[in-house]
Structure formats: structure tokens, C-alpha cells
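Let me begin by presenting the structure, written as C-alpha cells, before commenting on it.
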Protein chains: 2
Amino acid sequence: MLKRKITLKHIARELDVSISTVSKALKNSEEISRDTKEKIQAFAKLYNYKPNNIAISLKNKRTKNIGVIIPNIVHHFFTTVVRGIEKYANARGYNVIVCLSNESFDKEVINMEMLANGSIDGFIMSLSTETQAKNDFNHIKEVTSQGIPLVMFDRVTDEVECDKVIINDKDSAYLAVKKLIDSGRRNIALINTENLSVSNARTEGYYQALKDGGIPINGNLVLTLPFESVDEEAIQHFFDSVTMDAVLCVNEIFAIYSMRVVQKKGLRIPEDISFIGFTDGLLSKYANPSLSAIAQHGESMGAIAAQMLIDKVENEEEEEVYRTEIIDSTLIERESTVN
Amino acid sequence: MLKRKITLKHIARELDVSISTVSKALKNSEEISRDTKEKIQAFAKLYNYKPNNIAISLKNKRTKNIGVIIPNIVHHFFTTVVRGIEKYANARGYNVIVCLSNESFDKEVINMEMLANGSIDGFIMSLSTETQAKNDFNHIKEVTSQGIPLVMFDRVTDEVECDKVIINDKDSAYLAVKKLIDSGRRNIALINTENLSVSNARTEGYYQALKDGGIPINGNLVLTLPFESVDEEAIQHFFDSVTMDAVLCVNEIFAIYSMRVVQKKGLRIPEDISFIGFTDGLLSKYANPSLSAIAQHGESMGAIAAQMLIDKVENEEEEEVYRTEIIDSTLIERESTVN
DNA sequence: GAATTTTACGAAAACGGTTTCGTGTTAATA
DNA sequence: TATTAACACGAAACCGTTTTCGTAAAATTC
């Protein structure tokens with residue numbers, strides 16, 4: 001019952017021709033006579049011949065694989081990006097090899113080294129928190145210095161020269177805060193995280209908007225949590241000790257959890273307090289009340305990243321120009337803010 | 001600045017030895033003298049030599065890659081499974097190539113054929129809805145008949161002989177419904193979907209529990225939606241036209257959305273109506289009220305699937321025995337049910 | 001000192017393709 | 001009829017490894 005994969009050699013032996021003839025015949029080469037071609041093609045079809053990808057990769061020095069390294073896969077934003085990458089890459093005949101750093105520097109290094117040894121034609125990646133905290137990018141520089149194309153998205157760094165795709169985190173936060181100010185809010189809080197490039201940018205936008213809106217900055221209104229873990233106690237304490245009429249959160253989980261905390265305290269959303277979160281995932285949409293959110297359009301980010309990468313992979317010219325593509329975000333207004 | 005990957009040939013030429021000597025020296029072969037080995041190893045280290053994976057794959061006829069095909073990646077359950085697969089596979093030195101069928105039969109076929117031509121040592125997959133509806137598994141049988149190991153998880157079929165990992169959907173639903181009955185509920189509704197093996201099994205469990213609980217079956221209490229799309233109108237109409245005191249949903253989105261509908265109608269959860277959903281994702285945890293949910297332990301599923309696959313890949317014996325591993329689910333009780 | 005065994009290494013085949021180049025036949029041209 | 005061009009195919013190199021086998025030179029044994 002086991003019908004092993006057939007190779008050119010098998011076909012050649014069976015039909016009593018050379019391997020080269022078979023190879024050419026299957027590519028419909030002009031060199032081969034009609035008769036021979038038909039015979040070979042029929043045989044190949046009958047036995048369902050498919051060329052071995054590995055052999056072709058070795059010969060062509062092109063794998064038609066792209067490596068994607070993300071910090072976490074159980075994560076709405078990152079999965080939308082992967083989906084975008086996958087769709088675009090597939091359409092251009094590429095496979096996607098996904099590796100997870102699980103926010104660990106070491107795993108990021110291991111995965112990159114593994115894939116860099118011939119398995120892929122290029123990388124798309126987003127930095128792990130550990131890497132961003134450590135500020136060590138030698139593993140990445142190593143890869144780019146070997147001439148392997150790289151596109152970074154979302155969590156990027158200036159330290160590495162490569163193509164990048166980001167959303168304008170600063171502006172997005174700015175606009176969100178401006179919206180809150182325009183709707184009359186004055187005590188606008190921010191819940192952010194440490195060490196993350198995107199979180200920092202969003203924080204900048206927050207401060208800038210307050211400044212431009214003529215609102216004095218109050219450090220008590222900023223709660224910085226250690227990464228993405230929901231520190232329930234800290235959040236509870238924050239809302240117990242500070243009064244505010246609006247909150248911007250750098251991710252939706254903080255926002256959703258915070259909404260529950262203030263609801264339990266008897267506050268009404270959005271009448272007493274408004275909420276806006278980054279990442280427009282399922283939580284934002286289905287929360288009660290639904291959460292106004294800054295959509296990051298991960299799928300387009302992925303598609304654009306894939307396009308930049310494949311263009312570079314397929315472009316021999318190796319021009320040393322690197323672009324940074326900025327994707328616009330969209331503020332989706334829902335029940336957690338007043339219109 | 002560009003330091004291209006170095007090969008055995010380069011080292012051999014540079015040190016004026018043969019390629020075989022270099023290869024052996026780097027593997028610390030006894031055949032090579034200490035002096036030569038040290039010289040070669042030092043040189044290789046200096047130039048950061050790493051063997052080319054593709055060449056090794058071709059030689060060994062083993063890629064150390066496993067292909068994973070899932071219907072959707074923006075999906076909590078599937079991503080947890082991928083995470084489990086990835087962790088386990090990495091620990092055993094394997095890479096994971098993720099392909100998405102996007103619930104499409106054609107994409108599933110294309111991806112499988114692509115990967116089957118040498119790119120991977122084995123498959124882990126969950127069927128797309130289209131494939132389940134079509135009941136056409138020739139592309140899968142094709143792969144297994146070539147001797148490529150396959151493990152199916154969650155959405156499986158009896159039509160294909162291979163290892164499988166599933167949760168006991170029927171029993172899980174049974175226990176959930178029994179819990180509702182035991183807490184005094186009598187009018188228990190079910191919201192399920194068409195054509196999905198898991199949905200069907202859950203539906204069976206629902207009926208069985210009612211039967212065993214001595215509760216007459218009322219067809220009006222079952223709402224079947226077309227796949228995972230939240231048909232808002234149908235749900236609204238369902239709750240407007242039927243009265244019930246508990247609902248079991250085959251996924252968390254249906255449950256979360258339904259909770260909002262009944263809340264808007266003025267019902268109290270769980271006093272007036274209880275909810276239990278399958279898939280214990282972020283939504284269940286952060287919903288208001290939080291949703292009692294059947295956790296599927298995707299990460300263990302993934303790890304077990306990966307283990308079964310790699311064991312088979314690495315086991316030459318090719319015993320033709322196939323196992324079906326059943327993972328226990330856990331009912332996590334939260335605010336949407338009475339304790 | 002001759003025979004034998006080690007030692008240390010290289011040549012070559014193999015994995016499964018692609019591609020260049022050479023060549024024996026036949027067909028067209030002078 | 002001799003010369004050239006076109007045709008149809010095969011040999012061999014190559015991609016980067018691994019591995020088997022063969023063999024000079026050195027070391028050992030008798």
C-alpha cells in the first residue's frame with residue numbers, strides 16, 4: 001500500500017532515458033521531441049511525480065520559505081499579522097515557518113540561528129520583551145550581515161538597519177487622548193508597560209496630547225505595569241487612590257479588566273469614566289460595555305511586511321536602502337466612550 | 001560588510017585539506033589527527049561555520065520540520081495548540097511550519113501537497129470546515145499512503161487512519177449539561193454550528209444528558225448557526241421567542257454575545273439564566289459576568305500531538321497501529337453559573 | 001629489513017534535482 | 001556528394017553535506 005515518492009531517477013530508469021531528458025521533458029523543453037515528452041509526462045502524471053522541494057532548494061539556493069518570529073502566538077494582534085503574512089506569502093508561492101520566542105531572548109536567538117542556516121530566504125520578526133529590555137541585537141545583526149533580508153514589525157529597534165513596518169503609536173495615542181480631551185475629559189489616566197518600544201511611543205503620544213491640550217501632567221495618573229500580566233492588585237489600588245474621568249490603556253486586557261474594576265466601584269462607563277484601549281481584538285468587541293479601541297490593522301501590516309520581504313528576496317540588486325512603512329491605525333468608537 | 005555563509009568547501013580550500021577531512025574534523029572524528037582537528041575547528045569557529053540545513057536534509061532525507069495545518073490562526077484554541085506543538089517540537093529539535101487553510105478545502109489541499117514534497121517529516125492538522133462538510137479526504141489519504149506520519153487533532157475524521165488527539169466533546173457537553181440540571185435548570189438551550197465534528201459530538205452529549213436527566217427534548221431549544229459567524233439576528237430572535245434558564249454554547253463567542261442579548265432584555269445572569277461555553281479563552285475570563293467554560297487544554301493537546309508525531313517520525317519500525325488520545329476537559333466555573 | 005598494522009587523509013558516491021555543453025543522427029543546403 | 005545546420009538526447013558538473021572505501025606513509029611487529 002505504501003507508494004513512496006518517485007524521483008527523476010526512477011522515471012529515467014523505467015523509460016530507459018537519461019535523468020536530464022526526464023527533467024527537460026517535464027519542463028516542456030524544446031530540446032526534447034514531442035513523442036518523448038508525451039511519454040515522460042504521461043508516466044510522471046500516472047505516478048504522481050512531484051519534484052522534491054529540498055533538492056530544488058539546494059540547487060537554487062532559494063527555499064521559498066520565510067521565517068516569522070513572534071513573541072507570542074496566543075495573542076490577537078500577532079496572529080492577525082501572521083494571517084496577513086501567510087496570505088500574501090502563499091499567493092507568491094512562499095511558505096511560512098513560524099517560530100515563537102515566547103518573549104525570551106534566548107529562544108529568539110536559537111530560532112534565528114536555526115532558520116538562518118539555509119532554511120529560509122528571509123525573516124519577518126517582532127522583538128521579544130526580553131530582547132528589548134536587554135538591548136542586545138547581535139543575533140539580528142549577524143543575520144542581516146549575512147545578507148539575509150529582514151523585515152521587523154511592531155516591536156522594532158533603531159539599532160538594526162532593515163525594513164520596518166510599524167503603526168504610528170505615538171500619533172495614535174495622541175489622537176485617542178485628544179479625542180478624550182475634546183469630549184471634555186480632563187483627568188486622563190494611562191496604563192502602560194515597561195520596556196516595550198510600542199508602549200513607550202504610546203506614552204509619548206499621551207504626554208504630548210496633554211501638553212497640547214493645556215492639561216497639566218500628573219504623574220499619579222500613570223500606572224506602569226510589568227509587561228502584559230494583569231496585576232490585579234496594582235490596578236485595584238490605582239483606581240482606589242486616584243480619581244479620573246478617562247483611561248487610555250496600551251492593550252485591551254488592561255482596559256477590560258480596569259472596566260470591571262470601576263464598574264464594581266459603581267462608576268458608569270462612559271458617563272463617569274471613558275476607556276480607550278489599544279489592540280482591537282475580540283475582547284474590545286464583545287466586552288460589556290464594548291471598548292473603544294485603536295485598531296492596528298495587523299493583517300495589512302503582515303501583508304506589507306511580507307511584500308517588502310519578498311520583494312527584497314527576489315530582487316538581486318541588493319540596494320542598501322531601507323524603508324520604514326507606517327500603517328495608519330483607526331480609532332473605533334464603541335460604548336466605552338461618549339460620541 | 002557582507003560575510004556570506006561559509007561552507008565546508010571554503011574551509012577545505014583555505015586550509016588545504018579535503019572536504020571530507022573538514023567534515024570529519026568538525027564531527028570530532030577519531031580518524032583525524034589532533035593537530036588537524038584543532039586547526040579546522042578553530043578556523044570554523046572563527047568564521048562561524050554552521051552546516052547548511054538544506055544540504056543535511058537532502059542527505060538524511062529528514063528535515064526536522066513538522067508541518068502544522070490549522071483552519072484559522074486568529075483563534076484562541078488553535079493558537080494554544082500551536083504553542084504546545086511548538087514548545088514540544090523545539091525541545092526535540094524540530095521546527096514548525098504553520099500553514100493556514102482558512103477553513104478552505106482547496107487551501108488545505110494546496111498546503112498539504114506543497115509540504116509533502118520533502119519539506120516536512122510529518123503533519124499535524126485539524127480539518128477545515130469545508131473539508132468536513134465535503135467529506136473528501138483524498139488529499140490526506142494520499143499523504144499517509146506515502147508513508148508520511150500524520151496526527152489529527154480536534155477536528156478529526158474516521159475516514160483517515162492515523163493518530164488522533166481529541167477532547168471528549170460528548171462527555172464534556174454531557175457533564176456541563178448535567179451540572180446545569182443538578183443546579184435546578186430544566187429549560188436548557190444549546191447553540192451549536194453545522195457540519196463540525198466537534199459541534200456534533202457536543203450536541204450528542206447535550207441530548208444524552210437531557211435524556212439521562214429525564215428532561216424531555218425540545219427542538220426549539222436548539223439554535224444551529226452557520227459555522228462560527230455570530231448571526232446577531234438569529235440569536236436575538238432565538239432569545240425573543242424561546243424561554244430558557246440555561247444555555248450551552250459550542251464556543252465562547254456565541255456565549256458572550258448571547259449574554260449581552262439577554263442582559264439587554266433585563267435578565268440576570270446567573271440568577272435567571274446560566275451560561276456555559278466551550279473554549280476557555282480570554283473572552284470567558286474577562287467577560288462581564290465572567291463565563292463558566294469548558295477548557296480544552298489546547299497546549300497539552302499540541303504537546304501530545306507533537307510527541308505522537310515525532311515518536312512516529314523517529315521510529316523506523318513503522319508499526320501500523322494508530323492511537324487516539326483523549327484529553328480531558330475541565331469545566332471552569334465562573335460567574336455565569338450558580339455554584 | 002621485510003611484513004604488517006596503524007594512522008591520517010582523500011576520492012568518490014550519494015541525496016534529487018537543474019543546466020551547460022558535447023555529440024551522434026538526420027535533414028537541409030551548396 | 002560533401003558540408004553544414006538542426007534535432008534529440010546524454011554526460012557531467014553543481015548545490016553542501018555525509019559516509020564508505022581505498023591508500024600512501026608512518027609505526028609496529030617479527
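Ordering of the C-alpha cells sets the chain letters (A, B, ...), residue numbers begin anew at 1 in every chain, and ligands are numbered from 1 in the order given.
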
May I ask you to extract the residues of chain D within 9 Å of chain A, using only C-alpha atoms (C1' of nucleotides), and to give them as a VMD selection string? chain D and resid 7 to 10 14 to 16

Could you list, as an MDAnalysis selection string, every residue of chain B that has an atom within 7 Å of an atom of chain A, counting only C-alpha atoms? chainID B and resid 1:5 50:55 58 73:74 76 79:80 83 96:99 117:119 145:147 256:257 283 286:288

Check: which chain C residues lie within 9 Å of chain A using only C-alpha atoms (C1' of nucleotides), as a list in words: DC15, DG16, DG17, DT18 and DT19 of chain C

Any chance you could export the current selection's N, CA and C atoms (P, O5', C5', C4', C3', O3' and C1' of nucleotides) as an mmCIF file, in the first residue's frame?
data_model
loop_
_atom_site.group_PDB
_atom_site.id
_atom_site.type_symbol
_atom_site.label_atom_id
_atom_site.label_comp_id
_atom_site.auth_asym_id
_atom_site.auth_seq_id
_atom_site.Cartn_x
_atom_site.Cartn_y
_atom_site.Cartn_z
ATOM 1 P P DC C 15 21.005 7.758 -3.807
ATOM 2 O "O5'" DC C 15 20.264 8.972 -3.102
ATOM 3 C "C5'" DC C 15 20.226 9.143 -1.695
ATOM 4 C "C4'" DC C 15 19.866 10.571 -1.410
ATOM 5 C "C3'" DC C 15 19.020 11.215 -2.509
ATOM 6 O "O3'" DC C 15 17.649 11.108 -2.169
ATOM 7 C "C1'" DC C 15 20.766 12.682 -1.718
ATOM 8 P P DG C 16 16.609 10.603 -3.272
ATOM 9 O "O5'" DG C 16 16.350 11.889 -4.164
ATOM 10 C "C5'" DG C 16 15.677 12.995 -3.600
ATOM 11 C "C4'" DG C 16 15.706 14.144 -4.578
ATOM 12 C "C3'" DG C 16 15.228 13.776 -5.985
ATOM 13 O "O3'" DG C 16 14.395 14.810 -6.443
ATOM 14 C "C1'" DG C 16 17.328 14.796 -6.099
ATOM 15 P P DG C 17 13.390 14.579 -7.626
ATOM 16 O "O5'" DG C 17 13.294 16.069 -8.202
ATOM 17 C "C5'" DG C 17 14.041 16.440 -9.330
ATOM 18 C "C4'" DG C 17 14.913 17.632 -8.983
ATOM 19 C "C3'" DG C 17 15.290 18.473 -10.178
ATOM 20 O "O3'" DG C 17 14.380 19.558 -10.264
ATOM 21 C "C1'" DG C 17 17.201 17.984 -8.797
ATOM 22 P P DT C 18 14.194 20.263 -11.679
ATOM 23 O "O5'" DT C 18 15.580 21.012 -11.925
ATOM 24 C "C5'" DT C 18 15.919 22.112 -11.109
ATOM 25 C "C4'" DT C 18 17.161 22.767 -11.657
ATOM 26 C "C3'" DT C 18 17.057 23.243 -13.101
ATOM 27 O "O3'" DT C 18 17.642 24.533 -13.139
ATOM 28 C "C1'" DT C 18 18.914 21.802 -12.879
ATOM 29 P P DT C 19 17.431 25.466 -14.437
ATOM 30 O "O5'" DT C 19 18.837 25.313 -15.163
ATOM 31 C "C5'" DT C 19 20.028 25.477 -14.408
ATOM 32 C "C4'" DT C 19 21.216 25.104 -15.272
ATOM 33 C "C3'" DT C 19 21.044 25.434 -16.760
ATOM 34 O "O3'" DT C 19 22.242 26.037 -17.206
ATOM 35 C "C1'" DT C 19 21.696 23.205 -16.514
#

Atomic distance CA of Ile181 in chain A - CA of Ser292 in chain A, expressed in Å with one decimal: 15.0 Å

Report, in Å to a single decimal, how far apart CA of Gly205 in chain A and CA of Ser172 in chain A are. 7.3 Å

Shell around DA26 in chain D at 12 Å using only C-alpha atoms (C1' of nucleotides), local window under 6 positions removed, as a ChimeraX atom specification: /C:5-8

Go ahead and save the picked residues with C-alpha atoms (C1' of nucleotides), as a compact mmCIF listing (two decimals), in the first residue's frame.
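Writing done, so here's result-v7.txt:
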# COMPACT_ATOMS: atom_id res chain seq x y z
C1' DT C 5 49.33 -2.84 11.15
C1' DT C 6 48.04 1.88 12.23
C1' DT C 7 47.31 6.40 11.29
C1' DA C 8 45.55 10.15 8.65

Please identify all polymer residues within 12 Å of DT20 in chain D, counting only C-alpha atoms (C1' of nucleotides), omitting same-chain residues fewer than 6 positions from it, and present them as a VMD selection string. (chain B and resid 20) or (chain C and resid 11 to 14)

With N, CA and C atoms (P, O5', C5', C4', C3', O3' and C1' of nucleotides) kept, could you save the residues just selected as a PDB file, in the first residue's frame?
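Listed below is the output, again13.pdb:
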ATOM      1  N   SER B  20      36.200  16.102   2.920  1.00  0.00           N
ATOM      2  CA  SER B  20      35.894  15.006   3.849  1.00  0.00           C
ATOM      3  C   SER B  20      36.618  15.217   5.167  1.00  0.00           C
TER       4      SER B  20
ATOM      5  P    DA C  11      41.721  14.117  -3.430  1.00  0.00           P
ATOM      6  O5'  DA C  11      41.083  12.894  -4.238  1.00  0.00           O
ATOM      7  C5'  DA C  11      41.613  11.581  -4.086  1.00  0.00           C
ATOM      8  C4'  DA C  11      40.634  10.561  -4.658  1.00  0.00           C
ATOM      9  C3'  DA C  11      39.620  11.095  -5.670  1.00  0.00           C
ATOM     10  O3'  DA C  11      39.362  10.063  -6.612  1.00  0.00           O
ATOM     11  C1'  DA C  11      38.477  10.312  -3.748  1.00  0.00           C
ATOM     12  P    DA C  12      38.334  10.344  -7.799  1.00  0.00           P
ATOM     13  O5'  DA C  12      36.969   9.772  -7.212  1.00  0.00           O
ATOM     14  C5'  DA C  12      36.963   8.494  -6.577  1.00  0.00           C
ATOM     15  C4'  DA C  12      35.542   8.127  -6.182  1.00  0.00           C
ATOM     16  C3'  DA C  12      34.454   8.714  -7.076  1.00  0.00           C
ATOM     17  O3'  DA C  12      33.411   7.769  -7.152  1.00  0.00           O
ATOM     18  C1'  DA C  12      34.073   9.415  -4.892  1.00  0.00           C
ATOM     19  P    DA C  13      32.324   7.838  -8.313  1.00  0.00           P
ATOM     20  O5'  DA C  13      31.022   7.274  -7.592  1.00  0.00           O
ATOM     21  C5'  DA C  13      31.153   6.232  -6.626  1.00  0.00           C
ATOM     22  C4'  DA C  13      30.067   6.369  -5.578  1.00  0.00           C
ATOM     23  C3'  DA C  13      28.702   6.747  -6.148  1.00  0.00           C
ATOM     24  O3'  DA C  13      27.714   5.953  -5.530  1.00  0.00           O
ATOM     25  C1'  DA C  13      29.312   8.274  -4.475  1.00  0.00           C
ATOM     26  P    DA C  14      26.277   5.770  -6.235  1.00  0.00           P
ATOM     27  O5'  DA C  14      25.313   6.516  -5.216  1.00  0.00           O
ATOM     28  C5'  DA C  14      25.393   6.233  -3.826  1.00  0.00           C
ATOM     29  C4'  DA C  14      24.792   7.374  -3.053  1.00  0.00           C
ATOM     30  C3'  DA C  14      23.568   8.005  -3.727  1.00  0.00           C
ATOM     31  O3'  DA C  14      22.402   7.670  -3.014  1.00  0.00           O
ATOM     32  C1'  DA C  14      25.058   9.638  -2.797  1.00  0.00           C
TER      33       DA C  14
END

Excluding same-chain residues fewer than 2 positions from Asp328 in chain A, what lies within 7 Å of it counting only C-alpha atoms (C1' of nucleotides), as a VMD selection string? chain A and resid 167 to 168 326 330

How about saving the chosen residues, C-alpha atoms kept, as a tab-separated table (two decimals), in the first residue's frame?
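Once written, result21.tsv looks like this:
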chain	number	residue	atom	x	y	z
A	167	ILE	CA	1.94	51.72	13.35
A	168	ASN	CA	2.33	55.26	14.42
A	326	ILE	CA	3.92	53.35	8.82
A	330	THR	CA	-8.05	53.57	13.31
